[in-house]
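coords16.txt, holding compact mmCIF, C-alpha atoms:
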```
# COMPACT_ATOMS: atom_id res chain seq x y z
CA MET A 1 0.00 0.00 0.00
CA SER A 2 1.58 3.29 -1.05
CA ARG A 3 1.44 6.06 1.52
CA LEU A 4 1.66 9.61 0.32
CA ALA A 5 4.74 10.48 2.36
CA THR A 6 6.72 7.54 0.99
CA ILE A 7 6.03 8.13 -2.69
CA THR A 8 9.17 9.06 -4.57
CA VAL A 9 9.11 11.05 -7.76
CA CYS A 10 11.74 11.18 -10.49
CA PRO A 11 13.82 14.29 -9.68
CA GLU A 12 13.86 15.35 -13.32
CA VAL A 13 10.07 15.23 -13.59
CA LEU A 14 9.80 17.11 -10.32
CA ALA A 15 12.19 19.81 -11.46
CA ARG A 16 10.28 20.26 -14.72
CA ALA A 17 6.97 20.39 -12.84
CA CYS A 18 8.41 23.03 -10.51
CA HIS A 19 9.20 25.11 -13.60
CA GLY A 20 5.57 24.80 -14.68
CA GLU A 21 5.87 22.29 -17.52
CA GLY A 22 2.42 20.85 -18.22
CA ALA A 23 3.41 17.29 -19.07
CA ALA A 24 5.52 16.95 -15.93
CA ARG A 25 2.70 18.32 -13.80
CA GLN A 26 0.37 15.80 -15.37
CA ALA A 27 2.79 12.98 -14.54
CA LEU A 28 3.04 14.25 -10.98
CA TYR A 29 -0.73 14.31 -10.73
CA ALA A 30 -1.04 10.73 -11.90
CA GLN A 31 1.50 9.62 -9.34
CA LEU A 32 0.36 11.59 -6.29
CA ALA A 33 -3.39 12.07 -6.70
CA PRO A 34 -4.68 8.60 -5.66
CA ALA A 35 -2.80 8.56 -2.36
CA THR A 36 -3.80 12.17 -1.70
CA LEU A 37 -7.47 11.43 -2.23
CA ASN A 38 -7.15 8.34 -0.05
CA LEU A 39 -5.67 10.30 2.83
CA ILE A 40 -8.31 13.02 2.60
CA ARG A 41 -11.11 10.50 2.32
CA ARG A 42 -9.94 8.66 5.42
CA MET A 43 -9.74 11.89 7.36
CA VAL A 44 -13.04 13.50 6.45
CA GLY A 45 -15.14 10.45 5.73
CA GLN A 46 -17.42 11.56 2.94
CA ARG A 47 -16.42 10.91 -0.64
CA ALA A 48 -17.97 14.02 -2.19
CA LEU A 49 -16.44 16.25 0.44
CA ALA A 50 -13.11 14.47 0.05
CA GLU A 51 -13.12 15.22 -3.68
CA ASP A 52 -13.81 18.87 -2.95
CA LEU A 53 -10.93 19.07 -0.49
CA PHE A 54 -8.77 17.06 -2.89
CA GLN A 55 -9.33 19.71 -5.57
CA ASP A 56 -8.41 22.45 -3.08
CA THR A 57 -5.31 20.58 -2.00
CA MET A 58 -4.03 19.94 -5.49
CA MET A 59 -4.68 23.54 -6.51
CA ILE A 60 -2.65 24.79 -3.56
CA PHE A 61 0.01 22.18 -4.30
CA TYR A 62 0.49 23.41 -7.88
CA GLU A 63 0.31 27.06 -6.84
CA ARG A 64 3.11 26.56 -4.33
CA LEU A 65 5.14 24.03 -6.27
CA GLY A 66 7.55 26.74 -7.36
CA GLN A 67 8.38 27.37 -3.70
CA TYR A 68 9.20 23.70 -2.97
CA ARG A 69 12.73 23.56 -1.51
CA HIS A 70 13.38 19.81 -1.66
CA GLU A 71 13.87 19.70 2.11
CA ALA A 72 11.34 16.88 2.48
CA PRO A 73 10.02 14.28 0.03
CA ILE A 74 7.41 15.79 -2.26
CA GLY A 75 4.81 13.32 -0.94
CA ALA A 76 5.39 14.50 2.62
CA TRP A 77 5.11 18.11 1.48
CA LEU A 78 1.80 17.39 -0.27
CA ARG A 79 0.61 15.40 2.75
CA GLN A 80 1.17 18.44 4.91
CA ILE A 81 -1.03 20.53 2.63
CA ALA A 82 -3.74 17.86 2.53
CA VAL A 83 -3.78 17.38 6.30
CA SER A 84 -3.88 21.12 6.82
CA ARG A 85 -6.90 21.44 4.50
CA CYS A 86 -8.68 18.57 6.25
CA LEU A 87 -8.07 20.03 9.69
CA MET A 88 -9.27 23.43 8.52
CA TYR A 89 -12.48 21.76 7.45
CA LEU A 90 -12.84 19.76 10.67
CA ARG A 91 -12.31 22.90 12.75
CA SER A 92 -14.62 25.10 10.72
CA PRO A 93 -17.67 26.54 12.50
CA TRP A 94 -19.83 25.29 9.65
CA LYS A 95 -18.76 21.71 10.28
CA ARG A 96 -19.35 22.10 14.02
CA ALA A 97 -22.80 23.53 13.42
CA ARG A 98 -23.59 20.60 11.13
CA LEU A 99 -22.49 18.17 13.84
CA CYS A 100 -24.79 19.90 16.32
CA LEU A 101 -27.78 19.73 14.04
CA GLU A 102 -27.49 16.26 12.61
CA PRO A 103 -28.95 13.33 14.52
CA VAL A 104 -26.28 11.16 16.14
CA ASP A 105 -27.17 7.81 14.58
CA GLY A 106 -28.25 9.20 11.23
CA GLY A 107 -25.02 11.11 10.77
CA VAL A 108 -22.86 8.13 11.61
CA ALA A 109 -24.87 5.84 9.37
CA ALA A 110 -24.48 8.22 6.45
CA GLU A 111 -20.74 8.49 7.00
CA VAL A 112 -20.40 4.74 7.30
CA ALA A 113 -22.17 4.28 4.00
CA ALA A 114 -19.93 6.89 2.40
CA LEU A 115 -16.71 5.48 3.76
CA VAL A 116 -17.09 1.80 3.06
CA THR A 117 -15.39 0.91 -0.19
CA PRO A 118 -17.84 -0.81 -2.51
CA GLY A 119 -17.01 -4.32 -3.59
CA TYR A 120 -14.65 -5.01 -0.75
CA ALA A 121 -15.56 -7.92 1.44
CA GLY A 122 -14.20 -9.39 4.63
CA GLU A 123 -13.30 -8.19 8.10
CA LEU A 124 -11.95 -4.93 6.71
CA ILE A 125 -15.51 -3.79 6.09
CA ASP A 126 -16.09 -4.14 9.82
CA LEU A 127 -13.01 -2.06 10.42
CA GLU A 128 -14.20 0.57 7.95
CA ARG A 129 -17.56 0.69 9.66
CA ALA A 130 -15.93 0.95 13.07
CA LEU A 131 -13.63 3.68 11.81
CA ALA A 132 -16.52 5.60 10.32
CA SER A 133 -18.45 5.44 13.57
CA LEU A 134 -15.71 7.39 15.35
CA ALA A 135 -16.03 11.13 15.81
CA PRO A 136 -14.32 13.01 12.94
CA THR A 137 -11.51 14.31 15.14
CA ALA A 138 -10.83 10.91 16.68
CA ARG A 139 -10.86 9.27 13.25
CA ALA A 140 -8.40 11.82 11.89
CA ILE A 141 -6.08 11.28 14.86
CA VAL A 142 -6.22 7.48 14.52
CA TRP A 143 -5.37 7.74 10.85
CA MET A 144 -2.60 10.29 11.35
CA TYR A 145 -0.99 8.30 14.16
CA GLU A 146 -1.45 4.72 13.08
CA VAL A 147 -1.13 4.98 9.33
CA GLU A 148 0.59 8.24 8.45
CA GLY A 149 3.12 7.93 11.26
CA TYR A 150 2.57 11.30 12.92
CA SER A 151 3.79 11.58 16.52
CA HIS A 152 1.57 12.85 19.33
CA GLN A 153 3.57 16.08 19.35
CA GLU A 154 2.96 16.62 15.64
CA ILE A 155 -0.74 15.84 15.99
CA ALA A 156 -1.03 18.21 18.94
CA LEU A 157 0.67 20.92 16.90
CA ALA A 158 -1.59 20.32 13.90
CA PHE A 159 -4.75 20.51 16.02
CA GLY A 160 -3.48 23.38 18.15
CA ARG A 161 -4.11 21.27 21.25
CA SER A 162 -2.02 19.55 23.91
CA VAL A 163 -0.20 16.25 23.62
CA SER A 164 -2.59 14.88 26.24
CA PHE A 165 -5.48 15.67 23.95
CA SER A 166 -3.94 13.61 21.18
CA LYS A 167 -3.17 10.71 23.51
CA SER A 168 -6.56 10.66 25.14
CA GLN A 169 -8.40 10.89 21.83
CA LEU A 170 -6.34 8.03 20.45
CA SER A 171 -6.82 5.95 23.56
CA ARG A 172 -10.58 6.45 23.55
CA ALA A 173 -10.72 5.67 19.84
CA HIS A 174 -8.83 2.43 20.46
CA VAL A 175 -11.25 1.43 23.17
CA ARG A 176 -14.18 2.16 20.91
CA LEU A 177 -12.65 0.35 17.95
CA ARG A 178 -11.91 -2.67 20.10
CA LEU A 179 -15.49 -2.73 21.37
CA LEU A 180 -16.84 -2.47 17.86
CA LEU A 181 -14.53 -5.10 16.40
CA GLU A 182 -14.76 -7.71 19.14
CA PRO A 183 -17.57 -10.23 18.70
CA GLU A 184 -20.42 -9.64 21.07
CA VAL A 185 -20.51 -12.05 23.97
CA GLN A 186 -24.05 -13.09 24.83
CA PRO A 187 -24.73 -13.14 28.56
CA PRO A 188 -25.62 -16.60 29.85
CA SER A 189 -29.34 -17.14 29.87
CA CYS A 190 -30.97 -17.80 33.18
CA LEU A 191 -33.66 -20.43 33.45
CA ILE A 192 -36.12 -20.18 36.31
CA MET B 193 -10.18 6.76 32.57
CA SER B 194 -8.01 6.42 29.53
CA ASP B 195 -6.25 3.13 29.03
CA LEU B 196 -3.18 3.47 26.89
CA ASN B 197 -2.60 -0.28 26.93
CA SER B 198 -5.84 -0.85 25.11
CA ARG B 199 -4.28 -0.34 21.70
CA PRO B 200 -5.03 -3.38 19.56
CA ALA B 201 -1.67 -4.67 18.35
CA GLU B 202 -2.89 -5.52 14.88
CA LEU B 203 -4.76 -2.25 14.33
CA PRO B 204 -2.06 -0.38 12.36
CA ALA B 205 -1.61 -3.36 10.04
CA LEU B 206 -5.35 -3.67 9.53
CA LEU B 207 -5.69 0.04 8.87
CA ARG B 208 -2.90 -0.06 6.32
CA ALA B 209 -4.58 -3.00 4.66
CA LEU B 210 -7.76 -1.04 4.04
CA PRO B 211 -8.51 -0.64 0.36
CA GLU B 212 -6.93 2.41 -1.22
CA GLU B 213 -7.94 4.60 -4.11
CA ALA B 214 -6.47 3.02 -7.21
CA ALA B 215 -6.89 6.04 -9.45
CA PRO B 216 -7.46 9.77 -9.08
CA PRO B 217 -11.12 10.78 -9.01
CA TYR B 218 -10.69 12.49 -12.37
CA GLY B 219 -7.95 13.11 -14.87
CA TYR B 220 -5.51 16.00 -15.00
CA GLN B 221 -7.48 17.81 -17.72
CA GLU B 222 -10.62 17.68 -15.64
CA PHE B 223 -8.62 18.87 -12.63
CA GLU B 224 -7.36 21.86 -14.59
CA ARG B 225 -10.84 22.62 -15.89
CA ARG B 226 -12.22 22.59 -12.33
CA ALA B 227 -9.33 24.72 -11.11
CA ARG B 228 -10.02 27.32 -13.82
CA GLU B 229 -13.73 27.25 -13.02
CA ARG B 230 -13.06 27.68 -9.31
CA ALA B 231 -10.66 30.54 -9.96
CA ARG B 232 -13.25 32.25 -12.15
CA ARG B 233 -15.92 31.74 -9.50
CA SER B 234 -13.68 33.13 -6.79
CA ARG B 235 -12.94 36.18 -8.95
CA GLY B 236 -16.69 36.64 -9.43
CA LEU B 237 -17.17 36.24 -5.73
CA ALA B 238 -14.53 38.86 -5.06
CA GLY B 239 -16.40 41.27 -7.36
CA GLY B 240 -19.61 40.41 -5.56
CA GLU B 241 -17.94 40.99 -2.23
CA ARG B 242 -16.80 44.43 -3.36
CA LEU B 243 -20.33 45.21 -4.51
CA ALA B 244 -21.78 43.96 -1.24
CA ALA B 245 -19.26 46.01 0.74
CA ALA B 246 -20.20 49.11 -1.27
CA CYS B 247 -23.90 48.44 -0.60
CA VAL B 248 -23.28 47.98 3.12
CA LEU B 249 -21.25 51.19 3.18
CA GLY B 250 -24.02 53.04 1.35
CA VAL B 251 -26.70 51.73 3.70
CA GLY B 252 -24.54 52.63 6.68
CA LEU B 253 -24.04 56.14 5.40
CA LEU B 254 -27.76 56.48 4.81
CA ALA B 255 -28.48 55.22 8.31
CA VAL B 256 -26.05 57.74 9.79
CA LEU B 257 -27.67 60.55 7.80
CA VAL B 258 -31.13 59.46 8.91
CA ARG B 259 -29.95 59.15 12.51
CA LEU B 260 -28.36 62.59 12.60
CA GLY B 261 -30.89 64.25 10.36
CA VAL B 262 -30.05 66.19 7.25
CA PRO B 263 -28.01 69.23 8.24
CA ALA B 264 -29.96 72.44 7.90
CA GLY B 265 -27.11 73.98 5.97
CA ALA B 266 -27.27 71.21 3.40
CA ALA B 267 -31.02 71.40 2.98
CA ASN B 268 -31.14 75.16 2.82
CA PRO B 269 -27.78 76.36 1.68
CA THR B 270 -27.32 79.96 2.42
CA THR B 271 -25.15 82.07 0.32
CA PRO B 272 -23.29 85.00 1.75
CA GLY B 273 -25.38 88.09 1.47
CA ALA B 274 -28.61 86.22 0.93
CA PRO B 275 -31.35 86.76 3.51
CA ALA B 276 -31.54 83.99 6.06
CA LEU B 277 -34.59 81.79 5.68
CA VAL B 278 -36.91 81.79 8.61
CA ARG B 279 -37.77 78.26 9.67
CA ALA B 280 -41.45 77.53 10.14
CA ALA B 281 -42.54 77.11 13.72
CA PRO B 282 -42.41 73.44 14.66
CA GLY B 283 -45.64 71.66 15.44
CA PRO B 284 -46.17 69.68 18.62
CA GLU B 285 -45.11 66.39 16.95
CA ASP B 286 -41.86 67.84 15.74
CA GLU B 287 -40.90 68.90 19.22
CA THR B 288 -41.43 65.53 20.82
CA LEU B 289 -40.27 63.13 18.09
CA PRO B 290 -37.14 63.11 15.96
CA PRO B 291 -37.69 62.81 12.20
CA HIS B 292 -36.93 59.08 12.07
CA ALA B 293 -39.24 58.18 14.95
CA GLY B 294 -41.98 56.93 12.64
CA LEU B 295 -39.58 54.58 10.93
CA ALA B 296 -38.32 53.23 14.24
CA GLU B 297 -41.87 52.75 15.50
CA ARG B 298 -42.82 50.81 12.38
CA TRP B 299 -39.74 48.62 12.80
CA LEU B 300 -40.56 47.99 16.47
CA ALA B 301 -44.14 47.13 15.57
CA SER B 302 -42.92 44.60 13.02
CA LEU B 303 -40.96 42.66 15.66
CA PRO B 304 -42.59 39.51 17.04
CA GLU B 305 -44.07 39.84 20.50
CA GLU B 306 -42.37 36.71 21.82
CA PRO B 307 -38.65 36.06 21.40
CA ALA B 308 -37.78 33.29 18.96
CA ILE B 309 -36.87 29.95 20.53
CA VAL B 310 -34.08 28.10 18.78
CA HIS B 311 -33.40 24.45 19.48
CA VAL B 312 -29.80 23.37 19.05
CA GLY B 313 -28.28 19.94 19.45
CA THR B 314 -26.11 19.13 22.44
CA ARG B 315 -23.78 16.73 20.68
CA ALA B 316 -20.89 19.16 20.24
CA ALA B 317 -21.15 20.31 23.84
CA VAL B 318 -21.21 16.73 25.11
CA LEU B 319 -18.28 15.73 22.90
CA GLY B 320 -16.28 18.72 24.05
CA LEU B 321 -16.97 17.97 27.70
CA GLU B 322 -16.12 14.29 27.29
CA ASP B 323 -12.88 15.21 25.54
CA ARG B 324 -11.97 17.59 28.30
CA ILE B 325 -12.75 15.00 30.98
CA ALA B 326 -10.59 12.44 29.19
CA GLN B 327 -7.81 15.01 29.00
CA ILE B 328 -8.08 15.73 32.74
CA ASP B 329 -8.01 11.96 33.40
CA ASP B 330 -4.79 11.74 31.44
CA LEU B 331 -3.30 14.65 33.33
CA LEU B 332 -4.34 13.02 36.62
CA SER B 333 -2.67 9.74 35.64
CA THR B 334 0.51 11.55 34.67
CA ALA B 335 0.47 13.63 37.84
CA ARG B 336 0.01 10.51 39.99
CA ASP B 337 2.82 8.70 38.18
CA ASN B 338 5.13 11.68 38.57
CA GLY B 339 4.24 12.01 42.25
CA ASP B 340 3.10 15.60 41.79
CA ALA B 341 2.04 17.78 44.70
CA ALA B 342 -1.26 17.00 46.37
CA ALA B 343 -2.46 20.51 45.60
CA ARG B 344 -2.15 19.91 41.85
CA LEU B 345 -3.98 16.59 42.15
CA ALA B 346 -6.73 18.27 44.13
CA THR B 347 -7.05 21.02 41.51
CA LEU B 348 -7.34 18.46 38.74
CA ARG B 349 -9.91 16.45 40.68
CA GLN B 350 -11.87 19.63 41.33
CA GLU B 351 -11.80 20.53 37.63
CA ARG B 352 -12.91 17.01 36.73
CA ALA B 353 -15.80 17.18 39.20
CA ARG B 354 -16.84 20.52 37.72
CA LEU B 355 -16.80 19.13 34.18
CA VAL B 356 -18.72 16.01 35.19
CA GLY B 357 -21.26 18.25 36.90
CA THR B 358 -21.66 20.27 33.71
CA LEU B 359 -22.03 17.07 31.68
CA VAL B 360 -24.74 15.87 34.06
CA GLN B 361 -26.55 19.18 33.65
CA VAL B 362 -26.41 18.90 29.85
CA ARG B 363 -27.70 15.33 30.01
CA TYR B 364 -30.47 16.43 32.36
CA ALA B 365 -31.42 19.22 29.99
CA GLU B 366 -31.46 16.70 27.14
CA ALA B 367 -33.76 14.44 29.12
CA LEU B 368 -36.04 17.37 29.93
CA ALA B 369 -36.16 18.39 26.28
CA ASP B 370 -36.99 14.81 25.25
CA GLY B 371 -39.78 14.73 27.81
CA SER B 372 -38.42 11.51 29.25
CA LEU B 373 -38.41 12.95 32.77
```
Please express the file's structure as structure tokens.
Amino acid sequence: MSRLATITVCPEVLARACHGEGAARQALYAQLAPATLNLIRRMVGQRALAEDLFQDTMMIFYERLGQYRHEAPIGAWLRQIAVSRCLMYLRSPWKRARLCLEPVDGGVAAEVAALVTPGYAGELIDLERALASLAPTARAIVWMYEVEGYSHQEIALAFGRSVSFSKSQLSRAHVRLRLLLEPEVQPPSCLI
Amino acid sequence: MSDLNSRPAELPALLRALPEEAAPPYGYQEFERRARERARRSRGLAGGERLAAACVLGVGLLAVLVRLGVPAGAANPTTPGAPALVRAAPGPEDETLPPHAGLAERWLASLPEEPAIVHVGTRAAVLGLEDRIAQIDDLLSTARDNGDAAARLATLRQERARLVGTLVQVRYAEALADGSL
């Protein structure tokens, strides 16, 4: 599975793309776009919204490509932009207001339906459902920590919160995921 | 209480094994087309924003003029040497009410008699409180492990009790709103 931060790009193509050459930019798009969309989709949940944020992210990426200093891999640089866009969305007052207004179960059910990849069977669907049932912030933290390899310090910095916040959110998300993924144990029936 | 040992060992591997997007949602040409369209829309929006700002400024200026009243000098400009105009004696209404009083009265009359009641969900408040409680729990654990001063532990416990109290109040309000009490 290719993670955005680990994707390597041919230096020549990258240099040409930085100078604004169309074909090189197209090649860069083909190489980086799927992993970018995947990251955004995992962080915000909904596919349509993820595509919107993906468009934003790629536009910013190309706008700033001329300023890229080769200090980090290009994938990591793009990941930073994508995560920043996602967090801006998650922190926006509009999103908070939407969370207040939407019914708890209905909202989760809609996000679960949007997040589960069609045509994919097996226990991973359970994991996708469990992941989608987490609160957006908790889901983003789980993904950033477990998959993207962010540290608690980096997550705290990205969210503008304390390290404890990141740890506690992750811990609670783990508990919830474990509860959702473990098979339910039926209590022994009592015959009178 | 948070339990940091509850992390399922296989979770990272399972998460990484989740299906990934195999292709971009649309091609590069479509991306460029959307980017151009968005840029055009944002330019249009910027023009609209300027127009809206001008309208707001105009309305504000009008409101200030109405509030202060049109200056007598502006309404009846006097030229040097011209005889000063004698203002008509004000009627009883003019003495008691400013010129915009009728407008203000009409606006007041148009307001509803009862204030509007807005129902908002409590989910964000509950989530925020639960997050904060979990954070305090973490701080308490760390403080206990570090053998911090009793005063700090007491402060944290006090803060936790306050947050739990608030959470109980929100839950009670929820139950009242549902009519389940």
task = Fewer than 3 positions away in the same chain doesn't count, so skip those; otherwise give me all residues within 6 Å of range 9-24 of chain A, counting only C-alpha atoms, as a PyMOL selection string.
result = chain A and resi 27+65-66
Residues of chain B within 8 Å of chain A, counting only C-alpha atoms, as an NGL selection string = :B and (194-196 or 198-200 or 203-204 or 206-217 or 219-220 or 223 or 226-227 or 312-316 or 323 or 326-327 or 330-331)
Would you place a box with edges along x, y and z of the file around all atoms of range 294-311 of chain B listed there, add 3 Å to each of its six sides, and report the centre and edge lengths in Å to one decimal, as lines of an AutoDock Vina configuration file?
```
center_x = -38.8
center_y = 40.7
center_z = 16.4
size_x = 16.7
size_y = 38.5
size_z = 16.9
```
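Candidate residues A:Thr6, A:Ser84, A:Gln46, A:Ser133 were compared for distance to Gly160 in chain A, and the nearest is A:Ser84, using all atoms listed in the file.
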key: One-decimal distance in Å that lies between CA of Glu322 in chain B and CA of Ala138 in chain A   =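 Straight-line distance from CA of Ala138 in chain A to CA of Glu322 in chain B works out to 12.3 Å.
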request  = Return the single residue from A:Val44, A:Ala5, A:Ile155, A:Leu179 that is closest to Arg85 in chain A, with distances computed using all atoms listed in the file.
outcome  =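 Counting all atoms listed in the file, the residue closest to Arg85 in chain A is A:Val44.
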task = Record the distance separating CA of Ile74 in chain A and CA of Arg232 in chain B, expressed in Å with one decimal.
result =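 Separation between CA of Ile74 in chain A and CA of Arg232 in chain B: 28.2 Å.
Computed from the coordinates, the CA of Glu229 in chain B to CA of Arg64 in chain A distance equals 19.0 Å.
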task = Would you mind telling me which residue in A:Phe159, A:Pro73, A:Arg129, A:Ile60 lies nearest to Ile7 in chain A when using only C-alpha atoms?
result =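 Ranking A:Phe159, A:Pro73, A:Arg129, A:Ile60 by distance to Ile7 in chain A, first place goes to A:Pro73.
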request  = Within 10 Å of Trp77 in chain A, counting only C-alpha atoms, which residues show up once you throw out same-chain ones fewer than 5 positions away? Write them as a ChimeraX atom specification, please.
outcome  = /A:4-5,61,65,68-72,82
query = Restricting the calculation to only C-alpha atoms, which member of B:Thr347, B:Ala342, B:Leu319, B:Asp329 is positioned closest to Leu359 in chain B?
reply =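 Answer, going by the shortest atom-to-atom distance: B:Leu319.
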ask   = Can you list, as a ChimeraX atom specification, every protein, DNA or RNA residue that comes within 12 Å of Thr358 in chain B when you count only C-alpha atoms, leaving out same-chain residues fewer than 3 positions away?
value = /B:317-318,320-322,324-325,351-355,361-365
Using C-alpha atoms, can you write the selected residues to a file as an mmCIF file, keeping the file's coordinate frame?
```
data_model
loop_
_atom_site.group_PDB
_atom_site.id
_atom_site.type_symbol
_atom_site.label_atom_id
_atom_site.label_comp_id
_atom_site.auth_asym_id
_atom_site.auth_seq_id
_atom_site.Cartn_x
_atom_site.Cartn_y
_atom_site.Cartn_z
ATOM 1 C CA ALA B 317 -21.150 20.310 23.840
ATOM 2 C CA VAL B 318 -21.210 16.730 25.110
ATOM 3 C CA GLY B 320 -16.280 18.720 24.050
ATOM 4 C CA LEU B 321 -16.970 17.970 27.700
ATOM 5 C CA GLU B 322 -16.120 14.290 27.290
ATOM 6 C CA ARG B 324 -11.970 17.590 28.300
ATOM 7 C CA ILE B 325 -12.750 15.000 30.980
ATOM 8 C CA GLU B 351 -11.800 20.530 37.630
ATOM 9 C CA ARG B 352 -12.910 17.010 36.730
ATOM 10 C CA ALA B 353 -15.800 17.180 39.200
ATOM 11 C CA ARG B 354 -16.840 20.520 37.720
ATOM 12 C CA LEU B 355 -16.800 19.130 34.180
ATOM 13 C CA GLN B 361 -26.550 19.180 33.650
ATOM 14 C CA VAL B 362 -26.410 18.900 29.850
ATOM 15 C CA ARG B 363 -27.700 15.330 30.010
ATOM 16 C CA TYR B 364 -30.470 16.430 32.360
ATOM 17 C CA ALA B 365 -31.420 19.220 29.990
#
```
task = Point out the residue among B:Thr334, B:His292, B:Asp340, B:Asp370 with the least atom-to-atom distance to Leu257 in chain B, counting all atoms listed in the file.
result =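 That would be B:His292, the residue with the smallest distance to Leu257 in chain B.
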